[in-house]
Structures are given as C-alpha cells and as structure tokens.
file data27.pdb (PDB, C-alpha atoms)
MODEL        1
ATOM      1  CA  MET A1042      16.015  24.858  14.888  1.00  0.00           C
ATOM      2  CA  THR A1043      12.650  26.509  15.309  1.00  0.00           C
ATOM      3  CA  GLU A1044       9.845  24.749  17.127  1.00  0.00           C
ATOM      4  CA  SER A1045       7.745  24.563  13.945  1.00  0.00           C
ATOM      5  CA  ALA A1046      10.617  22.991  11.975  1.00  0.00           C
ATOM      6  CA  GLY A1047      11.066  20.474  14.773  1.00  0.00           C
ATOM      7  CA  THR A1048       7.356  19.641  14.684  1.00  0.00           C
ATOM      8  CA  LEU A1049       7.522  19.059  10.924  1.00  0.00           C
ATOM      9  CA  LEU A1050      10.493  16.707  11.321  1.00  0.00           C
ATOM     10  CA  VAL A1051       8.701  14.793  14.095  1.00  0.00           C
ATOM     11  CA  LEU A1052       5.584  14.590  11.894  1.00  0.00           C
ATOM     12  CA  LEU A1053       7.629  13.261   8.975  1.00  0.00           C
ATOM     13  CA  CYS A1054       9.362  10.667  11.169  1.00  0.00           C
ATOM     14  CA  LEU A1055       6.076   9.523  12.709  1.00  0.00           C
ATOM     15  CA  LEU A1056       4.477   9.155   9.264  1.00  0.00           C
ATOM     16  CA  GLN A1057       7.525   7.173   8.081  1.00  0.00           C
ATOM     17  CA  ALA A1058       7.320   4.824  11.075  1.00  0.00           C
ATOM     18  CA  LYS A1059       3.565   4.437  10.577  1.00  0.00           C
ATOM     19  CA  HIS A1060       4.119   3.580   6.928  1.00  0.00           C
ATOM     20  CA  MET A1061       6.740   0.959   7.740  1.00  0.00           C
ATOM     21  CA  PHE A1062       4.487  -0.793  10.248  1.00  0.00           C
ATOM     22  CA  ALA A1063       1.324  -0.562   8.127  1.00  0.00           C
ATOM     23  CA  ASP A1064       2.982  -1.695   4.888  1.00  0.00           C
ATOM     24  CA  TYR A1065       5.458  -4.259   6.165  1.00  0.00           C
ATOM     25  CA  PHE A1066       4.456  -5.550   9.607  1.00  0.00           C
ATOM     26  CA  LEU A1067       0.662  -5.357   9.716  1.00  0.00           C
ATOM     27  CA  GLN A1068      -0.339  -6.692   6.293  1.00  0.00           C
ATOM     28  CA  THR A1069      -2.049 -10.062   6.240  1.00  0.00           C
ATOM     29  CA  LYS A1070      -2.363 -12.616   3.451  1.00  0.00           C
ATOM     30  CA  MET A1071      -5.937 -11.427   2.862  1.00  0.00           C
ATOM     31  CA  MET A1072      -4.651  -7.876   2.358  1.00  0.00           C
ATOM     32  CA  LEU A1073      -2.058  -9.035  -0.178  1.00  0.00           C
ATOM     33  CA  ASP A1074      -3.937 -11.641  -2.229  1.00  0.00           C
ATOM     34  CA  GLY A1075      -6.004 -10.612  -5.246  1.00  0.00           C
ATOM     35  CA  ARG A1076      -4.983  -6.974  -5.192  1.00  0.00           C
ATOM     36  CA  GLU A1077      -5.614  -6.575  -8.917  1.00  0.00           C
ATOM     37  CA  THR A1078      -9.373  -6.686  -8.177  1.00  0.00           C
ATOM     38  CA  TYR A1079     -10.788  -3.189  -7.759  1.00  0.00           C
ATOM     39  CA  ILE A1080     -13.284  -3.959  -4.986  1.00  0.00           C
ATOM     40  CA  HIS A1081     -11.026  -5.754  -2.530  1.00  0.00           C
ATOM     41  CA  PHE A1082     -11.843  -6.075   1.174  1.00  0.00           C
ATOM     42  CA  GLY A1083      -8.226  -6.757   2.122  1.00  0.00           C
ATOM     43  CA  ARG A1084      -7.034  -3.571   0.425  1.00  0.00           C
ATOM     44  CA  PHE A1085      -9.932  -1.714   2.099  1.00  0.00           C
ATOM     45  CA  LEU A1086      -8.600  -2.911   5.468  1.00  0.00           C
ATOM     46  CA  HIS A1087      -4.970  -2.194   4.561  1.00  0.00           C
ATOM     47  CA  ALA A1088      -5.746   1.396   3.579  1.00  0.00           C
ATOM     48  CA  GLY A1089      -7.754   1.625   6.804  1.00  0.00           C
ATOM     49  CA  VAL A1090      -4.707   0.578   8.842  1.00  0.00           C
ATOM     50  CA  HIS A1091      -2.828   3.455   7.220  1.00  0.00           C
ATOM     51  CA  ALA A1092      -5.663   5.879   7.964  1.00  0.00           C
ATOM     52  CA  VAL A1093      -5.873   4.830  11.620  1.00  0.00           C
ATOM     53  CA  GLY A1094      -2.103   5.127  11.909  1.00  0.00           C
ATOM     54  CA  SER A1095      -2.203   8.636  10.476  1.00  0.00           C
ATOM     55  CA  LEU A1096      -5.041   9.546  12.827  1.00  0.00           C
ATOM     56  CA  LEU A1097      -2.802   8.519  15.723  1.00  0.00           C
ATOM     57  CA  VAL A1098       0.174  10.431  14.307  1.00  0.00           C
ATOM     58  CA  PHE A1099      -1.795  13.647  13.919  1.00  0.00           C
ATOM     59  CA  ALA A1100      -3.359  13.176  17.369  1.00  0.00           C
ATOM     60  CA  VAL A1101       0.148  12.912  18.872  1.00  0.00           C
ATOM     61  CA  ILE A1102       1.140  16.254  17.386  1.00  0.00           C
ATOM     62  CA  GLY A1103      -2.113  17.847  18.509  1.00  0.00           C
ATOM     63  CA  ALA A1104      -3.822  18.359  15.149  1.00  0.00           C
ATOM     64  CA  PRO A1105      -7.462  19.402  15.356  1.00  0.00           C
ATOM     65  CA  LEU A1106      -9.906  16.602  14.517  1.00  0.00           C
ATOM     66  CA  VAL A1107     -11.679  18.864  12.022  1.00  0.00           C
ATOM     67  CA  PHE A1108      -8.381  18.981  10.089  1.00  0.00           C
ATOM     68  CA  THR A1109      -7.396  15.347  10.612  1.00  0.00           C
ATOM     69  CA  LEU A1110     -10.572  13.498   9.614  1.00  0.00           C
ATOM     70  CA  PRO A1111     -10.829  14.823   6.031  1.00  0.00           C
ATOM     71  CA  LEU A1112      -7.073  14.407   5.617  1.00  0.00           C
ATOM     72  CA  ILE A1113      -7.047  10.749   6.620  1.00  0.00           C
ATOM     73  CA  LEU A1114     -10.153  10.022   4.546  1.00  0.00           C
ATOM     74  CA  ALA A1115      -8.293  11.443   1.541  1.00  0.00           C
ATOM     75  CA  GLU A1116      -5.233   9.376   2.464  1.00  0.00           C
ATOM     76  CA  TRP A1117      -7.390   6.236   2.624  1.00  0.00           C
ATOM     77  CA  VAL A1118      -8.799   6.865  -0.867  1.00  0.00           C
ATOM     78  CA  VAL A1119      -5.395   7.679  -2.369  1.00  0.00           C
ATOM     79  CA  HIS A1120      -3.645   4.738  -0.684  1.00  0.00           C
ATOM     80  CA  TYR A1121      -6.367   2.332  -1.849  1.00  0.00           C
ATOM     81  CA  HIS A1122      -5.979   3.443  -5.457  1.00  0.00           C
ATOM     82  CA  ILE A1123      -2.173   3.510  -5.499  1.00  0.00           C
ATOM     83  CA  ASP A1124      -2.134  -0.084  -4.246  1.00  0.00           C
ATOM     84  CA  TRP A1125      -4.833  -1.135  -6.716  1.00  0.00           C
ATOM     85  CA  LEU A1126      -2.907   0.362  -9.638  1.00  0.00           C
ATOM     86  CA  LYS A1127       0.252  -1.489  -8.627  1.00  0.00           C
ATOM     87  CA  GLY A1128      -1.683  -4.725  -8.086  1.00  0.00           C
ATOM     88  CA  ARG A1129      -3.454  -4.407 -11.418  1.00  0.00           C
ATOM     89  CA  TYR A1130      -0.259  -3.540 -13.298  1.00  0.00           C
ATOM     90  CA  THR A1131       1.763  -6.403 -11.824  1.00  0.00           C
ATOM     91  CA  ALA A1132      -1.082  -8.886 -12.421  1.00  0.00           C
ATOM     92  CA  VAL A1133      -1.693  -7.823 -16.031  1.00  0.00           C
ATOM     93  CA  GLN A1134       2.034  -7.907 -16.756  1.00  0.00           C
ATOM     94  CA  LYS A1135       2.337 -11.237 -14.853  1.00  0.00           C
ATOM     95  CA  LEU A1136       5.204  -9.826 -12.808  1.00  0.00           C
ATOM     96  CA  THR A1137       6.789 -11.631  -9.892  1.00  0.00           C
ATOM     97  CA  PRO A1138       9.566 -10.590  -7.482  1.00  0.00           C
ATOM     98  CA  ALA A1139      11.975 -12.271  -9.931  1.00  0.00           C
ATOM     99  CA  ASP A1140      11.205  -9.533 -12.505  1.00  0.00           C
ATOM    100  CA  ALA A1141      12.940  -6.151 -12.471  1.00  0.00           C
ATOM    101  CA  ALA A1142       9.671  -4.514 -13.576  1.00  0.00           C
ATOM    102  CA  PHE A1143       8.004  -5.818 -10.395  1.00  0.00           C
ATOM    103  CA  TRP A1144      10.519  -3.867  -8.320  1.00  0.00           C
ATOM    104  CA  ARG A1145      10.127  -0.765 -10.472  1.00  0.00           C
ATOM    105  CA  ALA A1146       6.366  -0.960  -9.847  1.00  0.00           C
ATOM    106  CA  ALA A1147       7.013  -1.394  -6.117  1.00  0.00           C
ATOM    107  CA  GLY A1148       9.340   1.615  -6.175  1.00  0.00           C
ATOM    108  CA  VAL A1149       6.775   3.804  -7.939  1.00  0.00           C
ATOM    109  CA  ASP A1150       4.134   2.613  -5.444  1.00  0.00           C
ATOM    110  CA  GLN A1151       6.318   3.555  -2.473  1.00  0.00           C
ATOM    111  CA  ALA A1152       7.311   6.903  -4.011  1.00  0.00           C
ATOM    112  CA  LEU A1153       3.649   7.803  -4.520  1.00  0.00           C
ATOM    113  CA  HIS A1154       2.903   6.929  -0.893  1.00  0.00           C
ATOM    114  CA  GLN A1155       5.799   9.112   0.243  1.00  0.00           C
ATOM    115  CA  LEU A1156       4.532  11.989  -1.904  1.00  0.00           C
ATOM    116  CA  THR A1157       1.169  11.534  -0.178  1.00  0.00           C
ATOM    117  CA  TYR A1158       2.926  12.282   3.115  1.00  0.00           C
ATOM    118  CA  VAL A1159       4.533  15.385   1.609  1.00  0.00           C
ATOM    119  CA  VAL A1160       1.053  16.606   0.649  1.00  0.00           C
ATOM    120  CA  MET A1161      -0.289  15.771   4.125  1.00  0.00           C
ATOM    121  CA  ILE A1162       2.539  17.742   5.767  1.00  0.00           C
ATOM    122  CA  TRP A1163       1.978  20.594   3.315  1.00  0.00           C
ATOM    123  CA  ALA A1164      -1.718  20.613   4.351  1.00  0.00           C
ATOM    124  CA  TRP A1165      -0.634  20.692   8.016  1.00  0.00           C
ATOM    125  CA  VAL A1166       1.558  23.744   7.321  1.00  0.00           C
ATOM    126  CA  LEU A1167      -1.185  25.553   5.380  1.00  0.00           C
ATOM    127  CA  TYR A1168      -4.276  24.770   7.395  1.00  0.00           C
ATOM    128  CA  THR A1169      -3.307  24.523  11.047  1.00  0.00           C
ATOM    129  CA  PRO A1170      -2.538  27.426  13.330  1.00  0.00           C
ATOM    130  CA  ALA A1171       1.143  28.139  13.870  1.00  0.00           C
TER     131      ALA A1171
ENDMDL
END

call {"tool": "encode", "arguments": {"input": "data27.pdb", "output": "structure tokens"}}
result
Amino acid sequence: MTESAGTLLVLLCLLQAKHMFADYFLQTKMMLDGRETYIHFGRFLHAGVHAVGSLLVFAVIGAPLVFTLPLILAEWVVHYHIDWLKGRYTAVQKLTPADAAFWRAAGVDQALHQLTYVVMIWAWVLYTPA
C-alpha cells in the first residue's frame, strides 16, 4: 500500500470515529429537542462539535489550516442543514422510532453525512500537496 493510500484510509477511519462520538456519545438533550426549528441553538452546537472534531482529525494528519478552516466551516453548514431537514421531516410526518419511515429518514441522514466525508476526503486529495 502506498503512503498516500494509507493516509486516506487513516483519514476515513478518523472521520468515522469522530462521527460516531459526535453523533452518538456527545449529543445532549438540548441538541436533540426541537430539531424541526430552523434556528436551533442545540443543532448549532451539535454541528460545531462535528466541526471541532474534524479540525482535530485534519490537524492529526497534518493538513494546512488554510485548507482545514474553510472545509470545516462548510461541513458545519452542511451538517446543520442535513440535521434540520431530518428533524423537520420527522416532525411534520409525526414520525417516532416505532415508524419504519423514521428509520429511513435516519438512514438518509447518516448516508448524507457519510457522503460529506467523501467530499472532504476528495478535497484533501485535490487541494493538499502530495
């Protein structure tokens, strides 16, 4: 395996671990309640936890700050809106964990977050020196 391929795999694994902690271990009740509301301080904080986690991930692999800061700002904005769309959809549809559609919405939400990481890794490949 080449060094660059190894770096990409480490980056992917670090982003996956960050996502698990930010989405499943570090969310508070305030971050989860009322997510159908567009302006939501808890969601602001939750997306911020993801951004800080990504900042740490890219710092570990030695990404330049000039690359990392715009990338994590974009991640914050995208994460905020993905979560809002899921919150709004599940609230409007009155979905609960007992509904299959709730889990489909959760699956789409998680897939979109994972695609965000694909785009972030793609940006790393394109815009950082080899």

call {"tool": "resolve_selection", "arguments": {"input": "data27.pdb", "expression": "the PyMOL selection byres ((chain A and resi 1156-1165) around 8)", "output": "compact mmCIF listing (two decimals) with C-alpha atoms, keeping the file's coordinate frame"}}
result
# COMPACT_ATOMS: atom_id res chain seq x y z
CA LEU A 1049 7.52 19.06 10.92
CA LEU A 1052 5.58 14.59 11.89
CA LEU A 1053 7.63 13.26 8.98
CA LEU A 1056 4.48 9.15 9.26
CA LEU A 1112 -7.07 14.41 5.62
CA GLU A 1116 -5.23 9.38 2.46
CA VAL A 1119 -5.40 7.68 -2.37
CA ALA A 1152 7.31 6.90 -4.01
CA LEU A 1153 3.65 7.80 -4.52
CA HIS A 1154 2.90 6.93 -0.89
CA GLN A 1155 5.80 9.11 0.24
CA VAL A 1166 1.56 23.74 7.32
CA LEU A 1167 -1.18 25.55 5.38
CA TYR A 1168 -4.28 24.77 7.40
CA THR A 1169 -3.31 24.52 11.05

call {"tool": "residues_near_point", "arguments": {"input": "data27.pdb", "point": "(-6.9, 5.7, 12.7)", "cutoff": "12 Å", "atoms": "all atoms listed in the file", "output": "ChimeraX atom specification"}}
result
/A:1059,1063,1086-1101,1106,1109-1114,1116-1117

call {"tool": "atom_distance", "arguments": {"input": "data27.pdb", "atom1": "atom CA of Met1072 of chain A", "atom2": "atom CA of Ala1139 of chain A"}}
result
21.1 Å

call {"tool": "resolve_selection", "arguments": {"input": "data27.pdb", "expression": "the PyMOL selection byres ((chain A and resi 1073) around 12)", "output": "ChimeraX atom specification"}}
result
/A:1064-1065,1067-1072,1074-1078,1081-1088,1124-1125,1127-1128

call {"tool": "atom_distance", "arguments": {"input": "data27.pdb", "atom1": "atom CA of Ile1080 of chain A", "atom2": "atom CA of Phe1062 of chain A"}}
result
23.6 Å

call {"tool": "closest_residue", "arguments": {"input": "data27.pdb", "among": "A:Ala1046, A:Val1051, A:Met1061, A:Ala1146", "to": "Arg1129 of chain A", "atoms": "all atoms listed in the file"}}
result
A:Ala1146

call {"tool": "closest_residue", "arguments": {"input": "data27.pdb", "among": "A:His1122, A:Thr1048, A:Pro1170, A:Trp1144", "to": "Pro1105 of chain A", "atoms": "only C-alpha atoms"}}
result
A:Pro1170

call {"tool": "atom_distance", "arguments": {"input": "data27.pdb", "atom1": "atom CA of Gln1151 of chain A", "atom2": "atom CA of Val1107 of chain A"}}
result
27.7 Å

call {"tool": "decode", "arguments": {"input": "data27.pdb", "residues": "segment 1135-1166 of chain A", "atoms": "N, CA, C and O atoms", "output": "mmCIF file, in the first residue's frame"}}
result
data_model
loop_
_atom_site.group_PDB
_atom_site.id
_atom_site.type_symbol
_atom_site.label_atom_id
_atom_site.label_comp_id
_atom_site.auth_asym_id
_atom_site.auth_seq_id
_atom_site.Cartn_x
_atom_site.Cartn_y
_atom_site.Cartn_z
ATOM 1 N N LYS A 1135 -44.808 13.420 11.839
ATOM 2 C CA LYS A 1135 -45.113 12.875 13.171
ATOM 3 C C LYS A 1135 -44.546 11.457 13.339
ATOM 4 O O LYS A 1135 -45.210 10.554 13.840
ATOM 5 N N LEU A 1136 -43.291 11.315 12.931
ATOM 6 C CA LEU A 1136 -42.639 10.005 12.990
ATOM 7 C C LEU A 1136 -41.966 9.802 14.340
ATOM 8 O O LEU A 1136 -41.432 10.732 14.932
ATOM 9 N N THR A 1137 -42.006 8.579 14.797
ATOM 10 C CA THR A 1137 -41.315 8.182 16.024
ATOM 11 C C THR A 1137 -40.444 6.968 15.703
ATOM 12 O O THR A 1137 -40.596 6.358 14.629
ATOM 13 N N PRO A 1138 -39.567 6.560 16.614
ATOM 14 C CA PRO A 1138 -38.758 5.363 16.361
ATOM 15 C C PRO A 1138 -39.578 4.096 16.107
ATOM 16 O O PRO A 1138 -39.051 3.115 15.594
ATOM 17 N N ALA A 1139 -40.872 4.121 16.408
ATOM 18 C CA ALA A 1139 -41.735 2.975 16.131
ATOM 19 C C ALA A 1139 -42.135 2.899 14.652
ATOM 20 O O ALA A 1139 -42.674 1.886 14.212
ATOM 21 N N ASP A 1140 -41.848 3.959 13.882
ATOM 22 C CA ASP A 1140 -42.242 4.025 12.476
ATOM 23 C C ASP A 1140 -41.061 3.682 11.566
ATOM 24 O O ASP A 1140 -39.959 4.193 11.749
ATOM 25 N N ALA A 1141 -41.311 2.850 10.577
ATOM 26 C CA ALA A 1141 -40.260 2.494 9.617
ATOM 27 C C ALA A 1141 -39.742 3.728 8.891
ATOM 28 O O ALA A 1141 -38.537 3.844 8.626
ATOM 29 N N ALA A 1142 -40.618 4.687 8.601
ATOM 30 C CA ALA A 1142 -40.200 5.902 7.895
ATOM 31 C C ALA A 1142 -39.219 6.731 8.726
ATOM 32 O O ALA A 1142 -38.369 7.436 8.176
ATOM 33 N N PHE A 1143 -39.320 6.659 10.041
ATOM 34 C CA PHE A 1143 -38.359 7.339 10.917
ATOM 35 C C PHE A 1143 -36.961 6.795 10.655
ATOM 36 O O PHE A 1143 -35.994 7.552 10.531
ATOM 37 N N TRP A 1144 -36.847 5.482 10.553
ATOM 38 C CA TRP A 1144 -35.546 4.851 10.342
ATOM 39 C C TRP A 1144 -35.030 5.077 8.932
ATOM 40 O O TRP A 1144 -33.817 5.195 8.719
ATOM 41 N N ARG A 1145 -35.934 5.175 7.961
ATOM 42 C CA ARG A 1145 -35.499 5.526 6.607
ATOM 43 C C ARG A 1145 -34.923 6.941 6.598
ATOM 44 O O ARG A 1145 -33.879 7.199 5.994
ATOM 45 N N ALA A 1146 -35.598 7.853 7.314
ATOM 46 C CA ALA A 1146 -35.090 9.235 7.411
ATOM 47 C C ALA A 1146 -33.733 9.256 8.108
ATOM 48 O O ALA A 1146 -32.814 9.980 7.690
ATOM 49 N N ALA A 1147 -33.587 8.465 9.160
ATOM 50 C CA ALA A 1147 -32.305 8.392 9.870
ATOM 51 C C ALA A 1147 -31.223 7.822 8.953
ATOM 52 O O ALA A 1147 -30.074 8.286 8.970
ATOM 53 N N GLY A 1148 -31.575 6.835 8.149
ATOM 54 C CA GLY A 1148 -30.615 6.253 7.216
ATOM 55 C C GLY A 1148 -30.173 7.236 6.149
ATOM 56 O O GLY A 1148 -28.982 7.324 5.823
ATOM 57 N N VAL A 1149 -31.121 8.001 5.605
ATOM 58 C CA VAL A 1149 -30.775 9.022 4.611
ATOM 59 C C VAL A 1149 -29.880 10.079 5.256
ATOM 60 O O VAL A 1149 -28.870 10.500 4.680
ATOM 61 N N ASP A 1150 -30.220 10.498 6.465
ATOM 62 C CA ASP A 1150 -29.424 11.469 7.220
ATOM 63 C C ASP A 1150 -27.983 10.979 7.365
ATOM 64 O O ASP A 1150 -27.027 11.699 7.044
ATOM 65 N N GLN A 1151 -27.805 9.750 7.806
ATOM 66 C CA GLN A 1151 -26.464 9.209 8.007
ATOM 67 C C GLN A 1151 -25.722 9.042 6.681
ATOM 68 O O GLN A 1151 -24.519 9.314 6.602
ATOM 69 N N ALA A 1152 -26.423 8.628 5.632
ATOM 70 C CA ALA A 1152 -25.779 8.489 4.323
ATOM 71 C C ALA A 1152 -25.285 9.846 3.815
ATOM 72 O O ALA A 1152 -24.176 9.942 3.271
ATOM 73 N N LEU A 1153 -26.086 10.885 4.001
ATOM 74 C CA LEU A 1153 -25.660 12.218 3.573
ATOM 75 C C LEU A 1153 -24.437 12.688 4.358
ATOM 76 O O LEU A 1153 -23.522 13.306 3.797
ATOM 77 N N HIS A 1154 -24.395 12.388 5.652
ATOM 78 C CA HIS A 1154 -23.209 12.742 6.436
ATOM 79 C C HIS A 1154 -21.984 11.984 5.929
ATOM 80 O O HIS A 1154 -20.897 12.559 5.820
ATOM 81 N N GLN A 1155 -22.158 10.721 5.604
ATOM 82 C CA GLN A 1155 -21.028 9.931 5.100
ATOM 83 C C GLN A 1155 -20.552 10.465 3.744
ATOM 84 O O GLN A 1155 -19.344 10.513 3.481
ATOM 85 N N LEU A 1156 -21.491 10.875 2.899
ATOM 86 C CA LEU A 1156 -21.104 11.465 1.617
ATOM 87 C C LEU A 1156 -20.362 12.782 1.824
ATOM 88 O O LEU A 1156 -19.475 13.128 1.025
ATOM 89 N N THR A 1157 -20.691 13.498 2.892
ATOM 90 C CA THR A 1157 -19.951 14.711 3.237
ATOM 91 C C THR A 1157 -18.480 14.368 3.474
ATOM 92 O O THR A 1157 -17.583 15.089 3.027
ATOM 93 N N TYR A 1158 -18.225 13.261 4.159
ATOM 94 C CA TYR A 1158 -16.839 12.851 4.400
ATOM 95 C C TYR A 1158 -16.138 12.451 3.111
ATOM 96 O O TYR A 1158 -14.953 12.712 2.941
ATOM 97 N N VAL A 1159 -16.856 11.837 2.194
ATOM 98 C CA VAL A 1159 -16.273 11.503 0.888
ATOM 99 C C VAL A 1159 -15.832 12.794 0.191
ATOM 100 O O VAL A 1159 -14.730 12.869 -0.362
ATOM 101 N N VAL A 1160 -16.680 13.806 0.230
ATOM 102 C CA VAL A 1160 -16.336 15.090 -0.397
ATOM 103 C C VAL A 1160 -15.144 15.727 0.314
ATOM 104 O O VAL A 1160 -14.245 16.286 -0.335
ATOM 105 N N MET A 1161 -15.105 15.646 1.643
ATOM 106 C CA MET A 1161 -13.983 16.218 2.391
ATOM 107 C C MET A 1161 -12.670 15.514 2.034
ATOM 108 O O MET A 1161 -11.631 16.166 1.864
ATOM 109 N N ILE A 1162 -12.714 14.195 1.899
ATOM 110 C CA ILE A 1162 -11.512 13.438 1.525
ATOM 111 C C ILE A 1162 -11.115 13.757 0.085
ATOM 112 O O ILE A 1162 -9.937 13.930 -0.227
ATOM 113 N N TRP A 1163 -12.109 13.888 -0.784
ATOM 114 C CA TRP A 1163 -11.854 14.281 -2.167
ATOM 115 C C TRP A 1163 -11.161 15.647 -2.207
ATOM 116 O O TRP A 1163 -10.185 15.835 -2.939
ATOM 117 N N ALA A 1164 -11.622 16.593 -1.383
ATOM 118 C CA ALA A 1164 -10.986 17.919 -1.305
ATOM 119 C C ALA A 1164 -9.543 17.789 -0.823
ATOM 120 O O ALA A 1164 -8.645 18.460 -1.331
ATOM 121 N N TRP A 1165 -9.315 16.906 0.167
ATOM 122 C CA TRP A 1165 -7.959 16.673 0.667
ATOM 123 C C TRP A 1165 -7.055 16.198 -0.471
ATOM 124 O O TRP A 1165 -5.943 16.676 -0.641
ATOM 125 N N VAL A 1166 -7.548 15.241 -1.268
ATOM 126 C CA VAL A 1166 -6.763 14.700 -2.380
ATOM 127 C C VAL A 1166 -6.469 15.793 -3.416
ATOM 128 O O VAL A 1166 -5.348 15.899 -3.922
#
